>>> print(open('protein-v2.tsv').read())   # TSV, C-alpha atoms
chain	number	residue	atom	x	y	z
A	1	MET	CA	-102.93	-132.83	-50.87
A	2	ALA	CA	-104.83	-133.98	-53.94
A	3	LEU	CA	-107.92	-132.07	-52.83
A	4	SER	CA	-106.00	-128.85	-52.21
A	5	GLY	CA	-104.29	-129.13	-55.58
A	6	THR	CA	-107.64	-129.54	-57.32
A	7	VAL	CA	-109.02	-126.42	-55.57
A	8	LEU	CA	-105.99	-124.33	-56.56
A	9	LYS	CA	-106.18	-125.53	-60.14
A	10	THR	CA	-109.89	-124.70	-60.36
A	11	SER	CA	-109.37	-121.18	-58.96
A	12	SER	CA	-106.54	-120.59	-61.43
A	13	VAL	CA	-108.76	-121.54	-64.36
A	14	PHE	CA	-111.54	-119.22	-63.07
A	15	ARG	CA	-109.13	-116.28	-62.87
A	16	ARG	CA	-107.91	-116.88	-66.39
A	17	CYS	CA	-111.48	-117.02	-67.71
A	18	LEU	CA	-112.41	-113.80	-65.91
A	19	PHE	CA	-109.45	-111.63	-66.85
A	20	GLN	CA	-108.70	-113.23	-70.28
A	21	PRO	CA	-112.06	-113.29	-72.05
A	22	HIS	CA	-110.45	-114.37	-75.38
A	23	ILE	CA	-109.95	-117.88	-73.98
A	24	THR	CA	-113.59	-118.82	-73.38
A	25	GLY	CA	-115.36	-115.86	-75.05
A	26	PRO	CA	-116.42	-112.45	-73.68
A	27	VAL	CA	-117.45	-112.30	-70.05
A	28	SER	CA	-120.60	-110.25	-69.38
A	29	LEU	CA	-120.28	-108.24	-66.16
A	30	HIS	CA	-122.72	-105.62	-64.88
A	31	VAL	CA	-120.85	-102.34	-64.56
A	32	ARG	CA	-122.68	-99.15	-63.55
A	33	THR	CA	-121.87	-96.38	-65.98
A	34	VAL	CA	-120.60	-93.04	-64.77
A	35	TYR	CA	-123.11	-91.05	-66.83
A	36	GLU	CA	-126.78	-92.00	-66.49
A	37	ARG	CA	-129.52	-90.44	-68.55
A	38	ASP	CA	-132.29	-88.44	-66.92
A	39	TYR	CA	-135.81	-89.76	-66.55
A	40	ARG	CA	-137.71	-89.59	-69.83
A	41	ARG	CA	-141.50	-89.47	-69.76
A	42	PRO	CA	-143.49	-91.85	-71.98
A	43	GLY	CA	-143.78	-90.54	-75.50
A	44	GLN	CA	-140.99	-87.97	-75.09
A	45	ALA	CA	-138.18	-88.01	-77.61
A	46	PRO	CA	-134.77	-88.90	-76.12
A	47	ASP	CA	-132.23	-86.13	-75.69
A	48	ARG	CA	-129.06	-87.45	-77.31
A	49	ARG	CA	-126.91	-84.41	-76.62
A	50	TRP	CA	-123.73	-84.73	-74.59
A	51	PRO	CA	-123.73	-83.22	-71.09
A	52	TRP	CA	-121.46	-80.31	-72.08
A	53	GLN	CA	-123.77	-79.45	-74.98
A	54	LYS	CA	-126.59	-78.68	-72.53
A	55	ILE	CA	-124.57	-76.00	-70.75
A	56	ARG	CA	-124.90	-72.45	-72.01
A	57	PHE	CA	-121.61	-70.58	-71.77
A	58	ASP	CA	-122.49	-66.88	-71.73
A	59	PHE	CA	-120.23	-64.26	-70.13
A	60	SER	CA	-122.94	-61.59	-70.01
A	61	LYS	CA	-125.24	-64.02	-68.21
A	62	GLY	CA	-122.56	-64.61	-65.59
A	63	VAL	CA	-122.10	-60.88	-65.00
A	64	ASP	CA	-125.84	-60.39	-64.60
A	65	GLY	CA	-125.92	-63.27	-62.12
A	66	VAL	CA	-123.18	-61.72	-60.00
A	67	LYS	CA	-125.02	-58.40	-59.88
A	68	LYS	CA	-128.28	-60.13	-58.97
A	69	HIS	CA	-126.85	-62.18	-56.11
A	70	PHE	CA	-124.88	-59.32	-54.58
A	71	GLY	CA	-128.04	-57.22	-54.72
A	72	LEU	CA	-129.92	-59.94	-52.85
A	73	LEU	CA	-127.11	-60.16	-50.30
A	74	LYS	CA	-127.33	-56.41	-49.71
A	75	ALA	CA	-131.09	-56.66	-49.24
A	76	GLU	CA	-130.60	-59.42	-46.65
A	77	PHE	CA	-128.24	-57.26	-44.60
A	78	MET	CA	-130.64	-54.32	-44.77
A	79	GLU	CA	-133.58	-56.50	-43.63
A	80	ARG	CA	-131.66	-57.77	-40.61
A	81	TRP	CA	-130.69	-54.21	-39.71
A	82	THR	CA	-134.31	-53.03	-39.88
A	83	GLY	CA	-135.88	-56.01	-38.08
A	84	PRO	CA	-137.16	-59.55	-38.63
A	85	GLU	CA	-138.00	-59.99	-42.32
A	86	GLY	CA	-137.49	-56.28	-42.94
A	87	ARG	CA	-140.15	-55.16	-40.46
A	88	PRO	CA	-139.62	-53.13	-37.29
A	89	LEU	CA	-139.55	-55.22	-34.14
A	90	VAL	CA	-142.70	-53.60	-32.72
A	91	VAL	CA	-144.67	-54.35	-35.89
A	92	HIS	CA	-143.38	-57.92	-35.94
A	93	MET	CA	-144.43	-58.57	-32.34
A	94	LEU	CA	-147.89	-57.00	-32.58
A	95	GLU	CA	-148.76	-58.24	-36.07
A	96	GLN	CA	-152.05	-60.18	-36.18
A	97	THR	CA	-152.47	-60.70	-39.94
A	98	ARG	CA	-149.89	-60.82	-42.70
A	99	VAL	CA	-150.80	-60.85	-46.38
A	100	LEU	CA	-148.32	-63.04	-48.23
A	101	TRP	CA	-149.55	-62.97	-51.82
A	102	GLU	CA	-151.70	-60.39	-53.55
A	103	PHE	CA	-152.49	-60.39	-57.25
A	104	ARG	CA	-152.40	-56.76	-58.31
A	105	GLY	CA	-150.47	-56.95	-61.57
A	106	PRO	CA	-148.87	-59.22	-64.17
A	107	GLU	CA	-145.63	-59.46	-62.15
A	108	SER	CA	-147.51	-61.14	-59.28
A	109	LEU	CA	-148.24	-64.17	-61.49
A	110	SER	CA	-144.52	-64.79	-62.09
A	111	HIS	CA	-144.20	-66.23	-58.57
A	112	TRP	CA	-146.45	-69.18	-59.42
A	113	VAL	CA	-146.17	-72.36	-61.50
A	114	VAL	CA	-149.18	-74.10	-63.06
A	115	THR	CA	-148.97	-77.80	-63.96
A	116	SER	CA	-151.35	-80.60	-64.94
A	117	ASP	CA	-151.27	-84.23	-66.00
A	118	ARG	CA	-150.29	-83.18	-69.53
A	119	GLU	CA	-146.71	-83.63	-68.33
A	120	ILE	CA	-147.33	-87.38	-68.20
A	121	GLY	CA	-149.46	-87.54	-71.32
A	122	GLY	CA	-152.86	-86.64	-69.81
A	123	ARG	CA	-155.53	-84.40	-71.24
A	124	SER	CA	-156.16	-81.94	-68.42
A	125	GLU	CA	-155.41	-78.27	-69.01
A	126	ALA	CA	-154.71	-75.53	-66.47
A	127	TYR	CA	-154.05	-71.83	-67.01
A	128	VAL	CA	-153.67	-68.75	-64.86
A	129	LYS	CA	-154.46	-65.13	-65.63
A	130	LEU	CA	-155.46	-61.93	-63.90
A	131	GLY	CA	-159.12	-61.50	-63.06
A	132	ARG	CA	-161.37	-58.51	-63.50
A	133	ASN	CA	-159.65	-55.12	-63.03
A	134	ASN	CA	-156.30	-56.94	-62.72
A	135	SER	CA	-156.84	-57.39	-58.98
A	136	THR	CA	-157.33	-61.15	-58.59
A	137	CYS	CA	-155.82	-64.43	-59.78
A	138	MET	CA	-157.96	-66.63	-62.01
A	139	LEU	CA	-157.03	-70.32	-62.16
A	140	TYR	CA	-159.08	-72.08	-64.82
A	141	GLY	CA	-158.96	-74.98	-67.22
A	142	SER	CA	-160.46	-78.38	-67.90
A	143	LEU	CA	-160.05	-81.62	-65.96
A	144	CYS	CA	-159.90	-85.03	-67.64
A	145	SER	CA	-159.35	-88.20	-65.62
A	146	ALA	CA	-158.68	-90.49	-68.61
A	147	PRO	CA	-155.16	-91.95	-68.26
A	148	PRO	CA	-152.74	-91.74	-71.19
A	149	ARG	CA	-152.44	-94.79	-73.40
A	150	ASP	CA	-148.77	-95.47	-72.80
A	151	GLY	CA	-149.07	-98.80	-71.03
A	152	GLU	CA	-147.47	-97.46	-67.84
A	153	THR	CA	-149.64	-94.71	-66.30
A	154	ARG	CA	-152.73	-96.00	-64.50
A	155	TYR	CA	-154.18	-92.85	-62.92
A	156	SER	CA	-154.52	-89.31	-64.19
A	157	GLY	CA	-156.60	-86.18	-63.79
A	158	TYR	CA	-155.07	-83.38	-61.72
A	159	CYS	CA	-154.29	-79.67	-62.01
A	160	THR	CA	-152.04	-77.75	-59.64
A	161	MET	CA	-150.94	-74.18	-59.00
A	162	ARG	CA	-147.93	-73.87	-56.70
A	163	SER	CA	-145.78	-70.98	-55.57
A	164	LYS	CA	-142.13	-70.91	-56.54
A	165	GLN	CA	-139.40	-71.56	-54.03
A	166	SER	CA	-138.09	-68.24	-52.73
A	167	GLN	CA	-134.36	-67.78	-53.34
A	168	ALA	CA	-131.85	-65.85	-51.29
A	169	SER	CA	-128.42	-64.77	-52.48
A	170	PHE	CA	-126.24	-67.34	-54.24
A	171	ASP	CA	-129.17	-69.73	-54.83
A	172	ARG	CA	-129.87	-70.39	-51.17
A	173	LYS	CA	-133.36	-71.35	-50.09
A	174	LYS	CA	-135.38	-68.65	-48.39
A	175	HIS	CA	-138.06	-69.86	-45.99
A	176	PHE	CA	-141.21	-68.23	-44.66
A	177	ASP	CA	-141.42	-67.82	-40.90
A	178	TRP	CA	-145.04	-68.29	-39.82
A	179	SER	CA	-144.26	-69.24	-36.22
A	180	SER	CA	-146.17	-66.17	-34.93
A	181	PHE	CA	-149.39	-67.31	-36.65
A	182	ASN	CA	-151.64	-70.34	-36.35
A	183	THR	CA	-154.21	-70.00	-39.18
A	184	LEU	CA	-154.15	-69.79	-42.97
A	185	TYR	CA	-156.47	-67.06	-44.26
A	186	LEU	CA	-157.81	-67.18	-47.85
A	187	ARG	CA	-160.29	-65.09	-49.81
A	188	ILE	CA	-161.52	-67.13	-52.76
A	189	ARG	CA	-164.42	-67.58	-55.14
A	190	GLY	CA	-164.87	-71.03	-56.68
A	191	ASP	CA	-167.37	-73.09	-58.64
A	192	GLY	CA	-168.33	-75.62	-55.95
A	193	ARG	CA	-165.46	-78.06	-56.50
A	194	PRO	CA	-163.38	-79.40	-53.59
A	195	TRP	CA	-159.71	-78.44	-53.67
A	196	MET	CA	-156.66	-79.44	-51.67
A	197	VAL	CA	-154.38	-76.87	-50.04
A	198	ASN	CA	-150.77	-78.09	-49.89
A	199	VAL	CA	-148.00	-76.57	-47.76
A	200	SER	CA	-144.42	-77.83	-47.98
A	201	ALA	CA	-141.78	-77.17	-45.36
A	202	GLU	CA	-138.05	-77.76	-45.17
A	203	THR	CA	-137.14	-81.29	-44.14
A	204	TYR	CA	-134.11	-82.68	-42.36
A	205	PHE	CA	-133.49	-85.88	-44.35
A	206	SER	CA	-133.31	-86.20	-48.12
A	207	HIS	CA	-135.91	-88.99	-48.30
A	208	GLN	CA	-138.47	-86.53	-46.88
A	209	ARG	CA	-138.33	-84.14	-49.83
A	210	ASP	CA	-141.76	-85.35	-51.05
A	211	ASP	CA	-143.47	-84.69	-47.71
A	212	MET	CA	-146.49	-82.41	-47.95
A	213	TYR	CA	-149.01	-81.04	-45.48
A	214	SER	CA	-152.53	-80.89	-46.88
A	215	TYR	CA	-156.07	-79.99	-45.99
A	216	PHE	CA	-159.37	-79.72	-47.85
A	217	LEU	CA	-160.78	-76.53	-49.31
A	218	TYR	CA	-164.50	-76.63	-50.10
A	219	THR	CA	-165.81	-73.88	-52.36
A	220	ARG	CA	-169.47	-72.84	-52.36
A	221	GLY	CA	-169.80	-71.55	-55.89
A	222	GLY	CA	-171.76	-68.51	-56.93
A	223	PRO	CA	-170.89	-64.83	-57.31
A	224	TYR	CA	-170.01	-64.15	-53.66
A	225	TRP	CA	-166.56	-64.17	-52.12
A	226	GLN	CA	-165.70	-66.76	-49.49
A	227	ASP	CA	-163.38	-66.09	-46.55
A	228	VAL	CA	-161.72	-69.33	-45.45
A	229	LYS	CA	-159.64	-69.83	-42.31
A	230	ILE	CA	-157.80	-73.14	-41.89
A	231	PRO	CA	-155.80	-73.69	-38.69
A	232	PHE	CA	-152.35	-75.13	-39.26
A	233	SER	CA	-153.12	-77.79	-36.67
A	234	LYS	CA	-155.58	-79.36	-39.14
A	235	PHE	CA	-153.00	-80.03	-41.84
A	236	PHE	CA	-152.04	-83.71	-42.12
A	237	LEU	CA	-148.80	-85.18	-43.42
A	238	SER	CA	-148.69	-87.06	-46.71
A	239	SER	CA	-145.93	-88.26	-49.01
A	240	ARG	CA	-146.40	-88.88	-52.74
A	241	GLY	CA	-150.16	-88.75	-52.34
A	242	ARG	CA	-150.38	-91.19	-49.41
A	243	VAL	CA	-151.35	-90.16	-45.90
A	244	GLN	CA	-148.67	-91.17	-43.38
A	245	ASP	CA	-149.35	-93.13	-40.21
A	246	ASP	CA	-146.74	-91.18	-38.25
A	247	GLN	CA	-148.13	-87.65	-38.05
A	248	HIS	CA	-146.39	-84.60	-36.62
A	249	PRO	CA	-147.11	-80.84	-36.75
A	250	LEU	CA	-145.99	-78.54	-39.51
A	251	TRP	CA	-142.74	-76.63	-39.03
A	252	LEU	CA	-144.04	-73.09	-39.36
A	253	ASP	CA	-140.62	-71.47	-39.20
A	254	LYS	CA	-139.37	-73.16	-42.40
A	255	VAL	CA	-142.22	-73.05	-44.91
A	256	ASN	CA	-141.18	-73.29	-48.55
A	257	THR	CA	-144.23	-73.25	-50.82
A	258	ILE	CA	-148.02	-73.33	-50.88
A	259	GLY	CA	-150.23	-74.74	-53.60
A	260	PHE	CA	-153.74	-75.69	-54.70
A	261	THR	CA	-154.58	-79.05	-56.29
A	262	LEU	CA	-157.75	-80.22	-58.02
A	263	GLY	CA	-158.32	-83.95	-58.54
A	264	ASP	CA	-161.96	-84.76	-57.77
A	265	LYS	CA	-162.38	-87.02	-60.86
A	266	ALA	CA	-165.23	-84.84	-62.15
A	267	ASP	CA	-164.36	-84.20	-65.79
A	268	GLY	CA	-165.15	-80.76	-67.11
A	269	PRO	CA	-164.18	-77.11	-66.78
A	270	PHE	CA	-163.17	-75.58	-63.47
A	271	GLN	CA	-162.45	-72.12	-62.10
A	272	LEU	CA	-160.93	-70.77	-58.90
A	273	GLU	CA	-160.47	-67.05	-58.26
A	274	ILE	CA	-158.11	-65.94	-55.48
A	275	ASP	CA	-158.03	-62.46	-54.00
A	276	PHE	CA	-155.22	-62.87	-51.45
A	277	ILE	CA	-153.40	-65.47	-49.36
A	278	ALA	CA	-152.54	-64.52	-45.79
A	279	VAL	CA	-151.78	-65.92	-42.35
A	280	CYS	CA	-153.33	-64.72	-39.11
A	281	ASN	CA	-153.12	-65.32	-35.38
A	282	ASP	CA	-156.47	-66.51	-34.04
A	283	ARG	CA	-156.43	-66.10	-30.27
A	284	ALA	CA	-159.52	-68.27	-29.88
A	285	HIS	CA	-157.80	-71.27	-31.47
A	286	THR	CA	-155.67	-73.10	-28.90
A	287	GLU	CA	-155.33	-76.53	-30.52
A	288	GLU	CA	-151.74	-77.60	-31.15
A	289	PHE	CA	-152.35	-80.65	-33.35
A	290	ALA	CA	-155.61	-82.31	-34.37
A	291	TYR	CA	-154.24	-85.82	-34.83
A	292	GLU	CA	-152.86	-88.41	-32.44
A	293	LEU	CA	-149.12	-88.51	-31.82
A	294	TYR	CA	-148.02	-92.06	-31.14
A	295	LYS	CA	-144.99	-92.78	-29.00
A	296	ARG	CA	-142.84	-95.65	-30.18
A	297	ASN	CA	-141.40	-96.28	-26.70
A	298	PRO	CA	-143.98	-95.08	-24.18
A	299	GLU	CA	-142.81	-94.33	-20.72
A	300	VAL	CA	-143.62	-97.05	-18.20
>>> encode(input="protein-v2.tsv", output="structure tokens")
Amino acid sequence: MALSGTVLKTSSVFRRCLFQPHITGPVSLHVRTVYERDYRRPGQAPDRRWPWQKIRFDFSKGVDGVKKHFGLLKAEFMERWTGPEGRPLVVHMLEQTRVLWEFRGPESLSHWVVTSDREIGGRSEAYVKLGRNNSTCMLYGSLCSAPPRDGETRYSGYCTMRSKQSQASFDRKKHFDWSSFNTLYLRIRGDGRPWMVNVSAETYFSHQRDDMYSYFLYTRGGPYWQDVKIPFSKFFLSSRGRVQDDQHPLWLDKVNTIGFTLGDKADGPFQLEIDFIAVCNDRAHTEEFAYELYKRNPEV
């Protein structure tokens, strides 16, 4: 009885100390706040505005958005009425090569985003412009592998050009269907540097959003154009710059973006000129996947 009374008395004192902090002083408890600030890069000034101050309330912008999305919805219905992806069924079945991106005017550059390590405080610079006669894409700049002096970043030195995510009506993702093709076809002219071609596809789980399929692109340099064909079976899976042990083929029916990355740690200027980006169906290529597929539970 004495022991049980002591336990009850001790628990009563603990409850009073927890819910009445004026008795023994304030109690420090870790409580997760409802509003958390976004990630701020080193050296960037903090944004002290309230969440509602970042929203732009514009009636005319809303009306323009409604017109835009209903126009996209109408285009989707018309494409399905004509055939797959707006092409007649006969053309879709007999198509051997499909040009995805051509650079024939300033509006063609609006579908691409150019980034570099300047976003994290680096010194690399990357720009994009139209080439000679406004018929090609010229990606140029300067690469610097020196990391920023912020005490946090250890590695630096990259430049990337990546296509924007295609949008359907009402901000839905629009995917490319390359299931009828097995090879990526490029016409480029570089300066001898090695590049990395990155293809991202739609994933099933949220933790796979950083998955990327990559393969090497070696440029010869010089004044002559270079036709490059890379089978999709050669692309390997990586996540956040690390090659994964568990490899599996690329989902060609749900491709989101394609990009080019330079990070060869050779400081200095660079240049890559692109004529077009296409996909083709190479009948001579029969390989499904170039890397081993391990079974976790092999059949006995």
>>> residues_around(input="protein-v2.tsv", residues="A:Gly192", least_positions_apart="5", cutoff="6 Å", atoms="all atoms listed in the file", output="ChimeraX atom specification")
/A:219-221
>>> atom_distance(input="protein-v2.tsv", atom1="atom CA of A:Val63", atom2="atom CA of A:Phe170")
13.2 Å
>>> atom_distance(input="protein-v2.tsv", atom1="atom CA of A:Lys74", atom2="atom CA of A:Ser166")
16.3 Å
>>> residues_near_point(input="protein-v2.tsv", point="(-155.6, -79.7, -56.5)", cutoff="8 Å", atoms="all atoms listed in the file", output="ChimeraX atom specification")
/A:158-161,195-197,259-263
>>> residues_around(input="protein-v2.tsv", residues="stretch 173-179 of chain A", least_positions_apart="6", cutoff="8 Å", atoms="all atoms listed in the file", output="PyMOL selection string")
chain A and resi 165-167+202+252-256+279
>>> atom_distance(input="protein-v2.tsv", atom1="atom CA of A:Asp267", atom2="atom CA of A:Pro148")
14.9 Å
>>> closest_residue(input="protein-v2.tsv", among="A:Ile120, A:Asn198, A:Cys137, A:Phe232", to="A:Arg154", atoms="only C-alpha atoms")
A:Ile120
>>> closest_residue(input="protein-v2.tsv", among="A:Val128, A:Arg187, A:Asn133, A:Gly122", to="A:Gly105", atoms="all atoms listed in the file")
A:Asn133
>>> closest_residue(input="protein-v2.tsv", among="A:Met138, A:Val199, A:Ala278, A:Ala168", to="A:Pro249", atoms="only C-alpha atoms")
A:Val199
>>> residues_near_point(input="protein-v2.tsv", point="(-162.5, -76.7, -45.9)", cutoff="12 Å", atoms="all atoms listed in the file", output="list in words")
Leu184, Tyr185, Leu186, Ile188, Gly192, Arg193, Pro194, Trp195, Met196, Val197, Ser214, Tyr215, Phe216, Leu217, Tyr218, Thr219, Arg220, Gln226, Asp227, Val228, Lys229, Ile230, Pro231, Lys234 and Phe235 of chain A
>>> closest_residue(input="protein-v2.tsv", among="A:Ser238, A:Glu273, A:Gln247, A:Lys265", to="A:Pro223", atoms="all atoms listed in the file")
A:Glu273
>>> closest_residue(input="protein-v2.tsv", among="A:Ile258, A:Trp50, A:Thr97, A:Arg118", to="A:Ala201", atoms="all atoms listed in the file")
A:Ile258
>>> closest_residue(input="protein-v2.tsv", among="A:Lys129, A:Ser169, A:Ser180, A:Tyr213", to="A:Val66", atoms="all atoms listed in the file")
A:Ser169
